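Colleague: Dumping the structure here so I can ask a few things about it.
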Amino acid sequence: MKIRKLLRILHRDFGYFIVAMTIVYAVSGIYLNHRHDFNPDYKIIITDFTHNLQPQQSYPDDEIQEIVESVQPDVVYKKHYVDNDGDIKVFIANGEVILFPGSGEGRMRYLQRRPLVFSMNKLHRATLGTAWKWVSDAMAVILLFVAVSGLFILKGKRGFKRWGWWLTVAGFIVPLIFVILYL
Amino acid sequence: MKKIALISLLAVILFACGQQPKTQETTVEAEKSAEVLSVDDLLQKAPELADNEVVVKGTVFHVCQQGGERCFLMGSTEDISIRVEAGEKLGAFTQEQMGSELEITGILKEVLTEADAHNPGKEHGEEEGEVEDAETAAAHEVLADNQAAAERVFFIEGMKVKEMTE
């Protein structure tokens, strides 16, 4: 079989196979790029509220639980502690609350996993254990193959030699400029 | 081509299953009868336990927001805490684990400072026959003094996690 024909077949079939992972890396890549603008894994809902708790040495669990549940009834109280400033830090399932006994103010940070994106980010970061590390390496090699093989598939007017080479070079130059400028 | 793809997929699935990753929910392995330490006790005994496997129990009071690759267990107060690195085996901690009581098995490690890494005593010691000039010797002495005076910091490389349910 001729090399170009084989390349075309492999590019096509591996290309189909790697579509899902490419989407995962691309979509999660966008979220992770913006990790300093927003949390890529969780949507954070902040609620400010007031309470009538007075400063004291310690606070019973049920009193804190009552306050937290008055803000949001379906919140699950875990535990709390008093920090060095005398403020109360409350752990809840999927979030945390801070109560300022002096001022009567409080703030709840409730976390909601971003559907699909949370899982994609974990795949992208390879924080799913040792097995995924090797599987994602294999996926990356396939993606590399699909990228490079694509250069050699077409012949003629729109092939790499007469058409594709300058676009490919431009694609290298864009990141190269950033590397030169910022590294 | 289809056969190759099918065989490859099967191989990947078998390989992945065969790895039996140590997930955070796994507790079926025969556990060592290691003493479970509180964070306070661990930090007190840390110098003698460094580089050994330890089991520590504590409340998670911070999970790194950038991917959850580390968390901090709180001791009796928020000033007493120990960092736990998730590492490859655990993958990552989740924000949902904040406030949870975790029992973590891992290797206790000491954070090496730059002075320690430089280690003037060994690197440029008499055994190598190296001769230091006065300025270098003085600099090394300052580094060694700083290292001796510096607070020793420890962390845990996590291997296994068990979430304690009440």
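Quick note on naming: the chains in the structure tokens go A, B, ... in the order shown, residues restart at 1 in each chain, and ligands are numbered from 1 in order of appearance.
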Can you tell me, as a PyMOL selection string, what residues are no more than 12 Å from Asp41 (chain B) when counting only C-alpha atoms, ignoring any on the same chain fewer than 6 positions away?
Modeller: chain B and resi 35+47-49+54-58+74-76+80-82
Colleague: May I have the residues within 12 Å of region 57-74 of chain A as a VMD selection string, using only C-alpha atoms and disregarding those fewer than 4 positions away in the same chain?
Modeller: chain A and resid 45 to 53 78 to 101 104 to 110
Colleague: Using the selection just defined, write its residues with C-alpha atoms as a tab-separated table (two decimals), in the first residue's frame.
Modeller:
chain	number	residue	atom	x	y	z
A	45	ILE	CA	-22.33	31.23	44.87
A	46	ILE	CA	-21.73	33.86	47.52
A	47	THR	CA	-24.50	34.89	49.87
A	48	ASP	CA	-24.10	37.68	52.41
A	49	PHE	CA	-26.45	37.60	55.36
A	50	THR	CA	-26.89	38.90	58.89
A	51	HIS	CA	-27.28	37.08	62.20
A	52	ASN	CA	-27.68	37.90	65.87
A	53	LEU	CA	-24.84	35.85	67.30
A	78	LYS	CA	-20.30	19.62	59.14
A	79	LYS	CA	-18.40	21.41	61.88
A	80	HIS	CA	-17.07	24.80	62.90
A	81	TYR	CA	-14.19	26.39	64.74
A	82	VAL	CA	-13.29	29.81	66.06
A	83	ASP	CA	-10.25	31.37	64.39
A	84	ASN	CA	-7.62	33.62	65.94
A	85	ASP	CA	-9.68	36.74	65.19
A	86	GLY	CA	-12.71	35.35	66.99
A	87	ASP	CA	-14.61	34.77	63.76
A	88	ILE	CA	-16.44	31.52	63.24
A	89	LYS	CA	-15.51	29.39	60.28
A	90	VAL	CA	-18.19	26.85	59.47
A	91	PHE	CA	-17.67	23.89	57.17
A	92	ILE	CA	-20.72	22.79	55.22
A	93	ALA	CA	-21.09	20.16	52.54
A	94	ASN	CA	-20.02	21.82	49.29
A	95	GLY	CA	-18.90	25.07	50.83
A	96	GLU	CA	-18.04	27.16	53.83
A	97	VAL	CA	-19.51	29.94	55.90
A	98	ILE	CA	-17.83	32.65	57.90
A	99	LEU	CA	-19.63	34.41	60.72
A	100	PHE	CA	-18.44	37.67	62.24
A	101	PRO	CA	-19.98	37.77	65.72
A	104	GLY	CA	-23.52	40.40	62.97
A	105	GLU	CA	-22.55	39.70	59.37
A	106	GLY	CA	-21.91	36.45	57.62
A	107	ARG	CA	-20.93	35.13	54.24
A	108	MET	CA	-21.68	31.78	52.69
A	109	ARG	CA	-19.62	30.36	49.80
A	110	TYR	CA	-21.49	27.51	48.18
Colleague: Residues at most 8 Å from Ala92 (chain B), counting only C-alpha atoms, excluding those fewer than 4 positions away in the same chain, as a PDB file with N, CA and C atoms, in the first residue's frame?
Modeller:
ATOM      1  N   THR A 127      -5.373  13.966  36.938  1.00  0.00           N
ATOM      2  CA  THR A 127      -5.385  13.704  38.383  1.00  0.00           C
ATOM      3  C   THR A 127      -6.340  12.553  38.699  1.00  0.00           C
ATOM      4  N   LEU A 128      -6.304  11.539  37.855  1.00  0.00           N
ATOM      5  CA  LEU A 128      -7.191  10.393  38.054  1.00  0.00           C
ATOM      6  C   LEU A 128      -6.411   9.123  38.344  1.00  0.00           C
TER       7      LEU A 128
ATOM      8  N   GLY B  67      -6.895  22.916  41.284  1.00  0.00           N
ATOM      9  CA  GLY B  67      -6.781  21.501  40.963  1.00  0.00           C
ATOM     10  C   GLY B  67      -6.793  20.551  42.150  1.00  0.00           C
ATOM     11  N   GLY B  68      -6.752  21.060  43.360  1.00  0.00           N
ATOM     12  CA  GLY B  68      -6.863  20.195  44.528  1.00  0.00           C
ATOM     13  C   GLY B  68      -5.682  19.265  44.739  1.00  0.00           C
ATOM     14  N   GLU B  69      -4.524  19.630  44.281  1.00  0.00           N
ATOM     15  CA  GLU B  69      -3.375  18.729  44.400  1.00  0.00           C
ATOM     16  C   GLU B  69      -2.796  18.673  45.799  1.00  0.00           C
ATOM     17  N   ARG B  70      -3.245  19.542  46.679  1.00  0.00           N
ATOM     18  CA  ARG B  70      -2.820  19.454  48.067  1.00  0.00           C
ATOM     19  C   ARG B  70      -3.927  19.949  48.966  1.00  0.00           C
ATOM     20  N   ALA B  86      -1.363  15.321  47.268  1.00  0.00           N
ATOM     21  CA  ALA B  86      -2.135  14.186  46.757  1.00  0.00           C
ATOM     22  C   ALA B  86      -1.246  13.229  45.982  1.00  0.00           C
ATOM     23  N   GLY B  87      -0.326  13.749  45.189  1.00  0.00           N
ATOM     24  CA  GLY B  87       0.567  12.881  44.424  1.00  0.00           C
ATOM     25  C   GLY B  87      -0.182  12.097  43.362  1.00  0.00           C
TER      26      GLY B  87
END
Colleague: Work out how far CA of Ile107 (chain B) is from CA of Asp51 (chain B), in Å to one decimal.
Modeller: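 Value for the CA of Asp51 (chain B)-CA of Ile107 (chain B) distance: 5.9 Å.
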Colleague: Find the residues around Gly158 (chain B) up to 10 Å (only C-alpha atoms counted), leave out those fewer than 3 positions away in its own chain, and share them as a PyMOL selection string.
Modeller: chain B and resi 53-55+70+83-91+104-108+155+161
Colleague: Those same residues - C-alpha atoms - I'd like them written as a short mmCIF file (atom, residue, chain, number, x, y, z; two decimals), in the first residue's frame.
Modeller:
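Output (out36.cif):
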data_model
loop_
_atom_site.label_atom_id
_atom_site.label_comp_id
_atom_site.auth_asym_id
_atom_site.auth_seq_id
_atom_site.Cartn_x
_atom_site.Cartn_y
_atom_site.Cartn_z
CA GLU B 53 5.07 5.96 56.63
CA VAL B 54 2.62 7.66 58.99
CA VAL B 55 -1.12 7.69 59.50
CA ARG B 70 -2.82 19.45 48.07
CA ARG B 83 0.19 19.97 54.23
CA VAL B 84 -0.73 16.80 52.36
CA GLU B 85 0.28 16.37 48.73
CA ALA B 86 -2.13 14.19 46.76
CA GLY B 87 0.57 12.88 44.42
CA GLU B 88 -0.01 10.49 41.58
CA LYS B 89 -1.77 7.76 43.57
CA LEU B 90 -4.44 9.97 45.10
CA GLY B 91 -4.77 12.30 42.13
CA ILE B 104 -4.38 9.87 55.58
CA THR B 105 -1.59 7.37 55.13
CA GLY B 106 1.56 8.70 53.56
CA ILE B 107 5.26 9.36 53.83
CA LEU B 108 6.27 12.20 56.12
CA PHE B 155 4.53 17.64 54.80
CA VAL B 161 -7.18 8.43 52.14
#
Colleague: Which of these residues is nearest to chain B, using only C-alpha atoms: A:Asn33, A:Thr168, A:Gln56, A:Ser103?
Modeller: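 That would be A:Asn33, the residue with the smallest distance to chain B.
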Colleague: For Thr59 (chain B), find every residue with an atom within 6 Å (counting only C-alpha atoms), except residues of its own chain fewer than 3 positions away, and show them as a PyMOL selection string.
Modeller: chain B and resi 73-74+99-101
Colleague: Can you work out the spacing between CA of Asp137 (chain A) and CA of Val24 (chain A) in Å, to one decimal?
Modeller: 14.3 Å
Colleague: Considering only helix (DSSP H, G or I) as DSSP defines it on the backbone, what residues of region 47-79 of chain A qualify? List them as a ChimeraX atom specification.
Modeller: /A:61-71
Colleague: So which residues touch Val27 (chain A) within 9 Å, counting only C-alpha atoms, skipping near sequence neighbours fewer than 5 positions away, as a PyMOL selection string?
Modeller: chain A and resi 22+32+117+120-121
Colleague: Using the selection just defined, write its residues with C-alpha atoms as a PDB file, in the first residue's frame.
Modeller:
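File written: selection37.pdb
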ATOM      1  CA  THR A  22      -9.546  16.721  21.527  1.00  0.00           C
ATOM      2  CA  LEU A  32      -8.042  26.260  32.801  1.00  0.00           C
ATOM      3  CA  VAL A 117     -16.338  20.632  32.724  1.00  0.00           C
ATOM      4  CA  MET A 120     -12.958  17.281  31.708  1.00  0.00           C
ATOM      5  CA  ASN A 121     -10.613  19.311  33.887  1.00  0.00           C
TER       6      ASN A 121
END
Colleague: One decimal, in Å: what's the spacing between CA of Lys122 (chain A) and CA of Asp41 (chain A)?
Modeller: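 Interatomic distance here is 8.8 Å.
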Colleague: May I ask which of the residues B:Ala138, B:Val111, B:Glu78, B:Arg152 is the closest one to Asp40 (chain B), counting only C-alpha atoms?
Modeller: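 Smallest distance to Asp40 (chain B) is found for B:Glu78.
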Colleague: When distances are computed from only C-alpha atoms, which of A:Leu183, A:Leu116, A:Ala26, A:Ile18 shows the smallest separation from chain B?
Modeller: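 Of A:Leu183, A:Leu116, A:Ala26, A:Ile18, the one nearest chain B is A:Ile18, counting only C-alpha atoms.
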Colleague: Got a sec to tell me which of region 68-103 of chain A DSSP assigns to strand (DSSP E or B), as an MDAnalysis selection string?
Modeller: chainID A and resid 77:82 88:92 95:100
Colleague: With C-alpha atoms retained, write the just-selected residues as a PDB file, in the first residue's frame.
Modeller:
ATOM      1  CA  TYR A  77     -23.567  21.498  58.500  1.00  0.00           C
ATOM      2  CA  LYS A  78     -20.303  19.618  59.135  1.00  0.00           C
ATOM      3  CA  LYS A  79     -18.404  21.411  61.883  1.00  0.00           C
ATOM      4  CA  HIS A  80     -17.073  24.801  62.903  1.00  0.00           C
ATOM      5  CA  TYR A  81     -14.190  26.390  64.736  1.00  0.00           C
ATOM      6  CA  VAL A  82     -13.285  29.813  66.057  1.00  0.00           C
ATOM      7  CA  ILE A  88     -16.445  31.520  63.244  1.00  0.00           C
ATOM      8  CA  LYS A  89     -15.513  29.385  60.276  1.00  0.00           C
ATOM      9  CA  VAL A  90     -18.188  26.853  59.465  1.00  0.00           C
ATOM     10  CA  PHE A  91     -17.673  23.886  57.171  1.00  0.00           C
ATOM     11  CA  ILE A  92     -20.719  22.789  55.223  1.00  0.00           C
ATOM     12  CA  GLY A  95     -18.901  25.072  50.833  1.00  0.00           C
ATOM     13  CA  GLU A  96     -18.044  27.162  53.832  1.00  0.00           C
ATOM     14  CA  VAL A  97     -19.507  29.941  55.904  1.00  0.00           C
ATOM     15  CA  ILE A  98     -17.833  32.649  57.905  1.00  0.00           C
ATOM     16  CA  LEU A  99     -19.631  34.414  60.717  1.00  0.00           C
ATOM     17  CA  PHE A 100     -18.442  37.665  62.236  1.00  0.00           C
TER      18      PHE A 100
END
